[in-house]
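Structure data follow from query-v2.cif (mmCIF, N, CA and C atoms; chains and numbers go by the auth columns):
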```cif
data_structure
loop_
_atom_site.group_PDB
_atom_site.id
_atom_site.type_symbol
_atom_site.label_atom_id
_atom_site.label_comp_id
_atom_site.label_asym_id
_atom_site.label_seq_id
_atom_site.Cartn_x
_atom_site.Cartn_y
_atom_site.Cartn_z
_atom_site.B_iso_or_equiv
_atom_site.auth_seq_id
_atom_site.auth_asym_id
ATOM 1 N N MET A 1 -12.142 11.919 -7.771 0.00 273 A
ATOM 2 C CA MET A 1 -10.766 11.518 -7.997 0.00 273 A
ATOM 3 C C MET A 1 -10.720 10.858 -9.361 0.00 273 A
ATOM 4 N N HIS A 2 -9.767 11.199 -10.149 0.00 274 A
ATOM 5 C CA HIS A 2 -9.635 10.651 -11.499 0.00 274 A
ATOM 6 C C HIS A 2 -8.984 9.276 -11.414 0.00 274 A
ATOM 7 N N ASP A 3 -9.448 8.323 -12.213 0.00 275 A
ATOM 8 C CA ASP A 3 -8.949 6.952 -12.108 0.00 275 A
ATOM 9 C C ASP A 3 -7.489 6.809 -12.520 0.00 275 A
ATOM 10 N N ARG A 4 -6.905 7.783 -13.168 0.00 276 A
ATOM 11 C CA ARG A 4 -5.497 7.732 -13.559 0.00 276 A
ATOM 12 C C ARG A 4 -4.593 8.290 -12.462 0.00 276 A
ATOM 13 N N ALA A 5 -5.182 8.736 -11.357 0.00 277 A
ATOM 14 C CA ALA A 5 -4.411 9.355 -10.276 0.00 277 A
ATOM 15 C C ALA A 5 -3.513 8.352 -9.570 0.00 277 A
ATOM 16 N N ASN A 6 -3.821 7.092 -9.636 0.00 278 A
ATOM 17 C CA ASN A 6 -3.065 6.095 -8.904 0.00 278 A
ATOM 18 C C ASN A 6 -3.042 4.795 -9.716 0.00 278 A
ATOM 19 N N PRO A 7 -1.866 4.227 -9.958 0.00 279 A
ATOM 20 C CA PRO A 7 -1.797 2.977 -10.729 0.00 279 A
ATOM 21 C C PRO A 7 -2.608 1.843 -10.111 0.00 279 A
ATOM 22 N N LEU A 8 -2.710 1.805 -8.784 0.00 280 A
ATOM 23 C CA LEU A 8 -3.496 0.763 -8.121 0.00 280 A
ATOM 24 C C LEU A 8 -4.973 0.898 -8.482 0.00 280 A
ATOM 25 N N VAL A 9 -5.480 2.122 -8.468 0.00 281 A
ATOM 26 C CA VAL A 9 -6.871 2.365 -8.858 0.00 281 A
ATOM 27 C C VAL A 9 -7.065 2.019 -10.326 0.00 281 A
ATOM 28 N N GLU A 10 -6.099 2.342 -11.149 0.00 282 A
ATOM 29 C CA GLU A 10 -6.188 2.029 -12.576 0.00 282 A
ATOM 30 C C GLU A 10 -6.305 0.522 -12.797 0.00 282 A
ATOM 31 N N ARG A 11 -5.543 -0.270 -12.053 0.00 283 A
ATOM 32 C CA ARG A 11 -5.615 -1.732 -12.183 0.00 283 A
ATOM 33 C C ARG A 11 -6.948 -2.263 -11.688 0.00 283 A
ATOM 34 N N TRP A 12 -7.502 -1.656 -10.641 0.00 284 A
ATOM 35 C CA TRP A 12 -8.759 -2.113 -10.051 0.00 284 A
ATOM 36 C C TRP A 12 -9.973 -1.751 -10.913 0.00 284 A
ATOM 37 N N ALA A 13 -9.922 -0.674 -11.677 0.00 285 A
ATOM 38 C CA ALA A 13 -11.085 -0.132 -12.369 0.00 285 A
ATOM 39 C C ALA A 13 -11.861 -1.165 -13.178 0.00 285 A
ATOM 40 N N GLY A 14 -11.215 -2.132 -13.759 0.00 286 A
ATOM 41 C CA GLY A 14 -11.906 -3.138 -14.549 0.00 286 A
ATOM 42 C C GLY A 14 -12.445 -4.302 -13.735 0.00 286 A
ATOM 43 N N SER A 15 -12.197 -4.317 -12.456 0.00 287 A
ATOM 44 C CA SER A 15 -12.623 -5.407 -11.575 0.00 287 A
ATOM 45 C C SER A 15 -14.048 -5.201 -11.078 0.00 287 A
ATOM 46 N N ARG A 16 -14.678 -6.287 -10.676 0.00 288 A
ATOM 47 C CA ARG A 16 -16.013 -6.205 -10.088 0.00 288 A
ATOM 48 C C ARG A 16 -15.954 -6.229 -8.564 0.00 288 A
ATOM 49 N N CYS A 17 -14.769 -6.275 -8.001 0.00 289 A
ATOM 50 C CA CYS A 17 -14.596 -6.342 -6.549 0.00 289 A
ATOM 51 C C CYS A 17 -14.681 -4.944 -5.942 0.00 289 A
ATOM 52 N N PRO A 18 -15.467 -4.797 -4.859 0.00 290 A
ATOM 53 C CA PRO A 18 -15.522 -3.494 -4.204 0.00 290 A
ATOM 54 C C PRO A 18 -14.214 -3.198 -3.478 0.00 290 A
ATOM 55 N N VAL A 19 -13.859 -1.926 -3.409 0.00 291 A
ATOM 56 C CA VAL A 19 -12.651 -1.484 -2.709 0.00 291 A
ATOM 57 C C VAL A 19 -13.072 -0.463 -1.661 0.00 291 A
ATOM 58 N N PHE A 20 -12.609 -0.679 -0.425 0.00 292 A
ATOM 59 C CA PHE A 20 -12.891 0.240 0.668 0.00 292 A
ATOM 60 C C PHE A 20 -11.580 0.826 1.164 0.00 292 A
ATOM 61 N N ILE A 21 -11.613 2.107 1.520 0.00 293 A
ATOM 62 C CA ILE A 21 -10.435 2.793 2.033 0.00 293 A
ATOM 63 C C ILE A 21 -10.736 3.242 3.457 0.00 293 A
ATOM 64 N N ASP A 22 -9.782 3.023 4.342 0.00 294 A
ATOM 65 C CA ASP A 22 -9.889 3.440 5.735 0.00 294 A
ATOM 66 C C ASP A 22 -8.814 4.486 5.996 0.00 294 A
ATOM 67 N N PHE A 23 -9.229 5.700 6.327 0.00 295 A
ATOM 68 C CA PHE A 23 -8.288 6.771 6.612 0.00 295 A
ATOM 69 C C PHE A 23 -7.983 6.883 8.106 0.00 295 A
ATOM 70 N N GLY A 24 -8.316 5.842 8.861 0.00 296 A
ATOM 71 C CA GLY A 24 -8.010 5.820 10.293 0.00 296 A
ATOM 72 C C GLY A 24 -8.800 6.863 11.068 0.00 296 A
ATOM 73 N N ASP A 25 -8.110 7.628 11.891 0.00 297 A
ATOM 74 C CA ASP A 25 -8.756 8.615 12.754 0.00 297 A
ATOM 75 C C ASP A 25 -8.984 9.960 12.074 0.00 297 A
ATOM 76 N N ALA A 26 -8.633 10.087 10.811 0.00 298 A
ATOM 77 C CA ALA A 26 -8.848 11.353 10.102 0.00 298 A
ATOM 78 C C ALA A 26 -10.342 11.643 10.028 0.00 298 A
ATOM 79 N N LYS A 27 -10.704 12.872 10.285 0.00 299 A
ATOM 80 C CA LYS A 27 -12.105 13.275 10.258 0.00 299 A
ATOM 81 C C LYS A 27 -12.303 14.284 9.118 0.00 299 A
ATOM 82 N N PRO A 28 -13.051 13.897 8.086 0.00 300 A
ATOM 83 C CA PRO A 28 -13.268 14.827 6.974 0.00 300 A
ATOM 84 C C PRO A 28 -14.128 16.008 7.417 0.00 300 A
ATOM 85 N N ASP A 29 -13.885 17.138 6.855 0.00 301 A
ATOM 86 C CA ASP A 29 -14.646 18.338 7.178 0.00 301 A
ATOM 87 C C ASP A 29 -15.862 18.433 6.254 0.00 301 A
ATOM 88 N N LEU A 30 -16.756 17.461 6.409 0.00 302 A
ATOM 89 C CA LEU A 30 -17.969 17.403 5.601 0.00 302 A
ATOM 90 C C LEU A 30 -19.174 17.354 6.542 0.00 302 A
ATOM 91 N N PRO A 31 -20.174 18.201 6.333 0.00 303 A
ATOM 92 C CA PRO A 31 -21.301 18.280 7.272 0.00 303 A
ATOM 93 C C PRO A 31 -22.134 17.005 7.375 0.00 303 A
ATOM 94 N N PHE A 32 -22.146 16.178 6.350 0.00 304 A
ATOM 95 C CA PHE A 32 -22.982 14.972 6.373 0.00 304 A
ATOM 96 C C PHE A 32 -22.260 13.756 6.939 0.00 304 A
ATOM 97 N N ILE A 33 -21.006 13.902 7.387 0.00 305 A
ATOM 98 C CA ILE A 33 -20.247 12.801 7.964 0.00 305 A
ATOM 99 C C ILE A 33 -20.211 12.966 9.476 0.00 305 A
ATOM 100 N N ALA A 34 -20.729 11.969 10.186 0.00 306 A
ATOM 101 C CA ALA A 34 -20.704 11.994 11.652 0.00 306 A
ATOM 102 C C ALA A 34 -19.275 11.750 12.140 0.00 306 A
ATOM 103 N N ASP A 35 -19.057 11.934 13.402 0.00 307 A
ATOM 104 C CA ASP A 35 -17.724 11.760 13.977 0.00 307 A
ATOM 105 C C ASP A 35 -17.334 10.294 14.156 0.00 307 A
ATOM 106 N N GLU A 36 -18.203 9.367 13.823 0.00 308 A
ATOM 107 C CA GLU A 36 -17.873 7.955 13.979 0.00 308 A
ATOM 108 C C GLU A 36 -16.984 7.462 12.836 0.00 308 A
ATOM 109 N N HIS A 37 -16.488 6.251 12.976 0.00 309 A
ATOM 110 C CA HIS A 37 -15.577 5.673 11.984 0.00 309 A
ATOM 111 C C HIS A 37 -16.290 5.498 10.632 0.00 309 A
ATOM 112 N N VAL A 38 -15.651 5.948 9.578 0.00 310 A
ATOM 113 C CA VAL A 38 -16.228 5.873 8.231 0.00 310 A
ATOM 114 C C VAL A 38 -15.244 5.174 7.301 0.00 310 A
ATOM 115 N N LEU A 39 -15.754 4.248 6.510 0.00 311 A
ATOM 116 C CA LEU A 39 -14.986 3.663 5.418 0.00 311 A
ATOM 117 C C LEU A 39 -15.469 4.335 4.135 0.00 311 A
ATOM 118 N N TRP A 40 -14.581 4.403 3.165 0.00 312 A
ATOM 119 C CA TRP A 40 -14.929 4.998 1.880 0.00 312 A
ATOM 120 C C TRP A 40 -14.898 3.919 0.810 0.00 312 A
ATOM 121 N N ARG A 41 -16.016 3.760 0.112 0.00 313 A
ATOM 122 C CA ARG A 41 -16.093 2.779 -0.972 0.00 313 A
ATOM 123 C C ARG A 41 -15.799 3.489 -2.293 0.00 313 A
ATOM 124 N N LEU A 42 -14.896 2.908 -3.055 0.00 314 A
ATOM 125 C CA LEU A 42 -14.597 3.475 -4.371 0.00 314 A
ATOM 126 C C LEU A 42 -15.580 2.927 -5.394 0.00 314 A
ATOM 127 N N GLN A 43 -16.102 3.803 -6.215 0.00 315 A
ATOM 128 C CA GLN A 43 -17.045 3.430 -7.271 0.00 315 A
ATOM 129 C C GLN A 43 -16.480 3.933 -8.593 0.00 315 A
ATOM 130 N N TYR A 44 -16.256 3.027 -9.514 0.00 316 A
ATOM 131 C CA TYR A 44 -15.730 3.396 -10.830 0.00 316 A
ATOM 132 C C TYR A 44 -16.879 3.758 -11.756 0.00 316 A
ATOM 133 N N LEU A 45 -16.773 4.913 -12.403 0.00 317 A
ATOM 134 C CA LEU A 45 -17.782 5.366 -13.348 0.00 317 A
ATOM 135 C C LEU A 45 -17.216 5.216 -14.756 0.00 317 A
ATOM 136 N N GLU A 46 -17.590 4.129 -15.402 0.00 318 A
ATOM 137 C CA GLU A 46 -17.001 3.779 -16.693 0.00 318 A
ATOM 138 C C GLU A 46 -17.244 4.840 -17.769 0.00 318 A
ATOM 139 N N LYS A 47 -18.440 5.420 -17.797 0.00 319 A
ATOM 140 C CA LYS A 47 -18.760 6.399 -18.843 0.00 319 A
ATOM 141 C C LYS A 47 -17.873 7.631 -18.784 0.00 319 A
ATOM 142 N N THR A 48 -17.518 8.054 -17.573 0.00 320 A
ATOM 143 C CA THR A 48 -16.704 9.258 -17.418 0.00 320 A
ATOM 144 C C THR A 48 -15.244 8.938 -17.093 0.00 320 A
ATOM 145 N N ASN A 49 -14.947 7.661 -16.870 0.00 321 A
ATOM 146 C CA ASN A 49 -13.582 7.235 -16.547 0.00 321 A
ATOM 147 C C ASN A 49 -13.094 7.841 -15.228 0.00 321 A
ATOM 148 N N ASN A 50 -14.034 8.068 -14.306 0.00 322 A
ATOM 149 C CA ASN A 50 -13.704 8.643 -13.010 0.00 322 A
ATOM 150 C C ASN A 50 -13.988 7.644 -11.892 0.00 322 A
ATOM 151 N N VAL A 51 -13.404 7.919 -10.752 0.00 323 A
ATOM 152 C CA VAL A 51 -13.641 7.137 -9.545 0.00 323 A
ATOM 153 C C VAL A 51 -14.128 8.099 -8.480 0.00 323 A
ATOM 154 N N VAL A 52 -15.222 7.734 -7.808 0.00 324 A
ATOM 155 C CA VAL A 52 -15.727 8.547 -6.705 0.00 324 A
ATOM 156 C C VAL A 52 -15.627 7.750 -5.413 0.00 324 A
ATOM 157 N N ALA A 53 -15.456 8.462 -4.321 0.00 325 A
ATOM 158 C CA ALA A 53 -15.395 7.844 -2.996 0.00 325 A
ATOM 159 C C ALA A 53 -16.706 8.115 -2.287 0.00 325 A
ATOM 160 N N ILE A 54 -17.386 7.036 -1.861 0.00 326 A
ATOM 161 C CA ILE A 54 -18.687 7.136 -1.212 0.00 326 A
ATOM 162 C C ILE A 54 -18.520 6.752 0.248 0.00 326 A
ATOM 163 N N PRO A 55 -18.929 7.609 1.202 0.00 327 A
ATOM 164 C CA PRO A 55 -18.785 7.254 2.618 0.00 327 A
ATOM 165 C C PRO A 55 -19.726 6.128 3.008 0.00 327 A
ATOM 166 N N CYS A 56 -19.196 5.169 3.780 0.00 328 A
ATOM 167 C CA CYS A 56 -19.967 4.051 4.317 0.00 328 A
ATOM 168 C C CYS A 56 -19.642 3.935 5.792 0.00 328 A
ATOM 169 N N HIS A 57 -20.651 3.860 6.620 0.00 329 A
ATOM 170 C CA HIS A 57 -20.414 3.685 8.050 0.00 329 A
ATOM 171 C C HIS A 57 -19.932 2.270 8.301 0.00 329 A
ATOM 172 N N GLY A 58 -18.845 2.131 9.020 0.00 330 A
ATOM 173 C CA GLY A 58 -18.232 0.824 9.283 0.00 330 A
ATOM 174 C C GLY A 58 -19.202 -0.163 9.894 0.00 330 A
ATOM 175 N N ALA A 59 -20.108 0.280 10.768 0.00 331 A
ATOM 176 C CA ALA A 59 -21.063 -0.603 11.435 0.00 331 A
ATOM 177 C C ALA A 59 -22.014 -1.244 10.419 0.00 331 A
ATOM 178 N N ALA A 60 -22.321 -0.548 9.349 0.00 332 A
ATOM 179 C CA ALA A 60 -23.236 -1.063 8.334 0.00 332 A
ATOM 180 C C ALA A 60 -22.633 -2.204 7.531 0.00 332 A
ATOM 181 N N LEU A 61 -21.322 -2.347 7.588 0.00 333 A
ATOM 182 C CA LEU A 61 -20.634 -3.375 6.805 0.00 333 A
ATOM 183 C C LEU A 61 -20.456 -4.674 7.562 0.00 333 A
ATOM 184 N N ASN A 62 -20.751 -4.676 8.855 0.00 334 A
ATOM 185 C CA ASN A 62 -20.582 -5.904 9.669 0.00 334 A
ATOM 186 C C ASN A 62 -21.724 -6.851 9.505 0.00 334 A
#
```
Is it possible to give me this structure as structure tokens?
Amino acid sequence: MHDRANPLVERWAGSRCPVFIDFGDAKPDLPFIADEHVLWRLQYLEKTNNVVAIPCHGAALN
């Protein structure tokens, strides 16, 4: 996802605070994602000016 896609992401890009996104009960069609609840952590890549979403299992964050 490009960091200019959303003004909120654009404002966050310079911050050191992690951002997690919860898509609720939506299940991505990705083979490496289990059917359990997943949070997505946004990671800003300064060199390329891009933002990537990394899956994180909710249980690992407790």
| What does the distance from CA of Cys289 in chain A to CA of His309 in chain A come to in Å, to one decimal? |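 Computing it gives 22.1 Å between the two atoms.
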| request: Calculate how many Å separate atom N of Lys319 in chain A from atom C of Pro303 in chain A, rounding to one decimal. | output: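 Taking atom N of Lys319 in chain A as the start and atom C of Pro303 in chain A as the end point, the length is 28.0 Å.
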| Distance of CA of Arg288 in chain A from CA of Trp312 in chain A, expressed in Å to one decimal place | 16.4 Å
| Quick one: DSSP helix (DSSP H, G or I) residues in range 276-320 of chain A, as a list of chain:residue names? |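 Matching residues, listed in order: A:Pro279, A:Leu280, A:Val281, A:Glu282, A:Arg283, A:Trp284.
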| said: Could you list, as a list in words, every residue matched by the PyMOL selection byres ((chain A and resi 292-302) around 6.5) in this structure? | reply: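 Applying the expression gives Pro290, Val291, Pro303, Phe304, Ile305, Val310, Leu311, Trp312, Arg313 and Leu314 of chain A.
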| If you run DSSP on this backbone, which residues of range 296-328 of chain A come out as strand (DSSP E or B), and could you give them as a VMD selection string? | chain A and resid 310 to 317 322 to 328
